[in-house]
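Before any comments, here is the structure.
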Amino acid sequence: MRGRVEPILASMRLLCLRKRFFNLSASRAFSNQIIQSPSLLSLDIEDSWPSASKQSGRPCTQDKEWPKNQTAKIIDGKAIAEGIRTRIASEVSRMEELMGQVPSLAVILVGQQPDSQTYVRNKIIASEEVGIKLKMTCLPENCTEREVCNALYRYNEDPSIHGIIVQLPLPKHLDEAKILSVISLEKDVDGFHPLNMGNLAMQGKEPLFIPCTPKGCIELLLQSGIEIMGKKAVVIGRSNIVGLPTSLLLQRHHATVTLVHAFTKNPECIAREADILVTAAGMPNLVRGSWLKPGAVVVDVGTNPVEDPESDHGYHLVGDVCFDDASRIASAITPVPGGVGPMTVAMLLYNTLESAKRAFK
């Protein structure tokens with residue numbers, strides 16, 4: 001009789017611990033402690049346009065001149081990301097103490113592209129630092145779509161895995177969209193699933209996960225005290241990974257957004273209208289000082305290797321923005337490296353933690 005009762009009591013104790021953990025998490029407003037980004041649904045407000053007569057009475061004002069010899073504030077993504085990771089580590093430790101479980105992330109790497117290997121290595125290190133378990137599947141460059149999808153199916157069905165990412169870009173012979181759509185919606189911590197992207201685009205909808213780099217860009221702005229609502233924002237680049245979701249997320253925060261791409265006419269003139277400029281073109285030093293409105297805020301997502309014989313690696317990294325030019329005109333700017341990059345990894349860890357919390361409920 002005792003042998004039958006003990007497993008039941010153990011199960012009841014585990015349920016009580018889980019309930020206690022999530023009650024504590026809710027009471028402490030967990031997500032607001034780690035990052036400042038609010039629920040997108042909480043941002044939804046109905047458009048209410050003023051009448052034409054009121055609009056016509058508003059005088060046009062010219063942009064203020066940016067003081068000469070003033071340098072831009074550096075938005076330190078490395079420091080902000082470190083603070084977020086510290087809070088994530090604290091929550092993971094608390095989760096393990098109360099429940100005996102921690103979040104787990106699965107990564108699929110195809111091929112041996114040096115950039116991808118570096119990004120994965122950074123994710124492994126960051127995961128270990130905060131106490132998140134990480135599992136790796138490495139596939140050869142010439143693998144088939146079936147092999148990648150089979151690995152995804154296994155992770156989808158594994159209850160111990162809370163987040164799945166496929167390191168991009170994939171080799172040309174693989175259908176990226178098809179592969180990403182195989183990832184379970186509940187484990188899509190990169191936020192690239194079509195349903196997550198669709199919900200990001202629609203008012204009244206909340207994606208389970210927001211893509212990590214765009215989320216990191218917004219978090220940098222929020223933690224730096226930079227107002228987004230009502231501002232003119234220009235995003236350079238329209239990739240599914242960064243440019244497009246960043247433009248959608250800025251719109252959800254009520255910025256007036258223009259998206260610039262390779263076929264845009266007069267991109268320099270359009271960029272010069274931006275209060276907030278986000279660059280994700282993958283072109284080193286594309287944006288010069290002449291592209292910027294005095295006092296603009298610049299978020300440089302570009303990470304471009306430039307040959308440098310004096311560097312240990314044979315190259316150094318530069319952004320899409322000519323930093324020296326921009327820092328004399330912008331009011332605030334993210335550096336490369338040390339700006340958006342660390343935030344991307346921090347947001348991946350945050351999404352994985354959120355996924356684990358949903359699974360444990």
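Following the order of the structure tokens, chains are lettered A, B, ..., residues in each are numbered from 1, and ligands are numbered from 1.
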
(request) Once DSSP has gone over the backbone, tell me which residues of range 86-294 of chain A are in strand (DSSP E), as a ChimeraX atom specification. (result) /A:104-110,133-139,163-166,232-236,256-260,276-279

(message) Show me, as a count of residues only, the residues that have an atom within 8 Å of Met347 in chain A when counting only C-alpha atoms, minus same-chain residues fewer than 2 positions from it.
(response) 10

(message) Quick one: residues within 8 Å of Cys217 in chain A, only C-alpha atoms, excluding same-chain residues fewer than 2 positions away - as a PyMOL selection string?
(response) chain A and resi 213-215+219-221+246+299+340+343

(request) Give me the residues within 6 Å of Ala274 in chain A as a list in words, counting only C-alpha atoms and dropping any in the same chain fewer than 6 places off. (result) Lys232, Ala233 and Val234 of chain A

(request) Write down as number ranges by chain the residues belonging to range 41-279 of chain A that are assigned alpha helix (DSSP H) by DSSP computed on the backbone. (result) A: 41-43, 52-56, 77-99, 114-130, 145-157, 176-182, 194-201, 212-223, 243-252, 267-271

(message) Would you pick out the contacts of Val306 in chain A at 7 Å or less, using only C-alpha atoms, so that residues sharing its chain but fewer than 5 positions from it are not included, and give the list as a list in words?
(response) Tyr315, His316, Leu317 and Val318 of chain A

(message) Excluding Gly339 in chain A and its own-chain neighbours fewer than 2 positions away, which residues fall within 7 Å of it when counting only C-alpha atoms? Please give them as a ChimeraX atom specification.
(response) /A:75-78,334-337,341-342

May I have the residues from that selection written out with N, CA and C atoms, as a CSV table (one decimal), in the first residue's frame?
chain,number,residue,atom,x,y,z
A,75,ILE,N,24.5,53.6,-27.6
A,75,ILE,CA,23.6,52.7,-27.1
A,75,ILE,C,24.3,51.3,-26.9
A,76,ASP,N,24.6,51.0,-25.6
A,76,ASP,CA,25.5,49.9,-25.3
A,76,ASP,C,24.7,48.6,-25.2
A,77,GLY,N,24.6,47.9,-26.3
A,77,GLY,CA,23.8,46.7,-26.4
A,77,GLY,C,24.4,45.6,-25.5
A,78,LYS,N,25.7,45.6,-25.4
A,78,LYS,CA,26.4,44.6,-24.6
A,78,LYS,C,26.0,44.7,-23.2
A,334,THR,N,23.9,52.7,-32.2
A,334,THR,CA,24.4,51.4,-31.7
A,334,THR,C,25.8,51.1,-32.4
A,335,PRO,N,26.8,50.7,-31.7
A,335,PRO,CA,28.0,50.3,-32.3
A,335,PRO,C,28.0,49.0,-32.9
A,336,VAL,N,29.0,48.7,-33.8
A,336,VAL,CA,29.2,47.3,-34.3
A,336,VAL,C,30.7,47.0,-34.2
A,337,PRO,N,31.0,46.0,-33.4
A,337,PRO,CA,30.1,45.1,-32.7
A,337,PRO,C,29.7,45.7,-31.3
A,341,GLY,N,23.9,42.8,-31.8
A,341,GLY,CA,24.3,41.4,-31.8
A,341,GLY,C,24.0,40.8,-30.4
A,342,PRO,N,24.6,41.3,-29.3
A,342,PRO,CA,24.3,40.7,-28.0
A,342,PRO,C,22.8,40.7,-27.6

(request) Can you work out which one of A:Arg288, A:Lys357, A:Lys265, A:His253 has the shortest atom-to-atom distance to Phe323 in chain A, counting only C-alpha atoms? (result)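 For Phe323 in chain A, the nearest of the candidates is A:Arg288.
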
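Going from CA of Lys135 in chain A over to CA of Ile165 in chain A, you cover 10.6 Å.
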
(message) Which residue is closest to Gly100 in chain A? Choose from A:Phe360, A:Ser116, A:His162, A:Leu134 and count only C-alpha atoms.
(response) A:Phe360

(message) For a test of reading the model, state the distance in Å between CA of His193 in chain A and CA of Ala177 in chain A, rounded to one decimal.
(response)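 Value for the CA of His193 in chain A-CA of Ala177 in chain A distance: 8.6 Å.
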
(request) Could you tell me which of A:Gln33, A:Lys172, A:Arg85, A:Leu249 comes closest to Ile125 in chain A if we count only C-alpha atoms? (result)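 Answer, going by the shortest atom-to-atom distance: A:Arg85.
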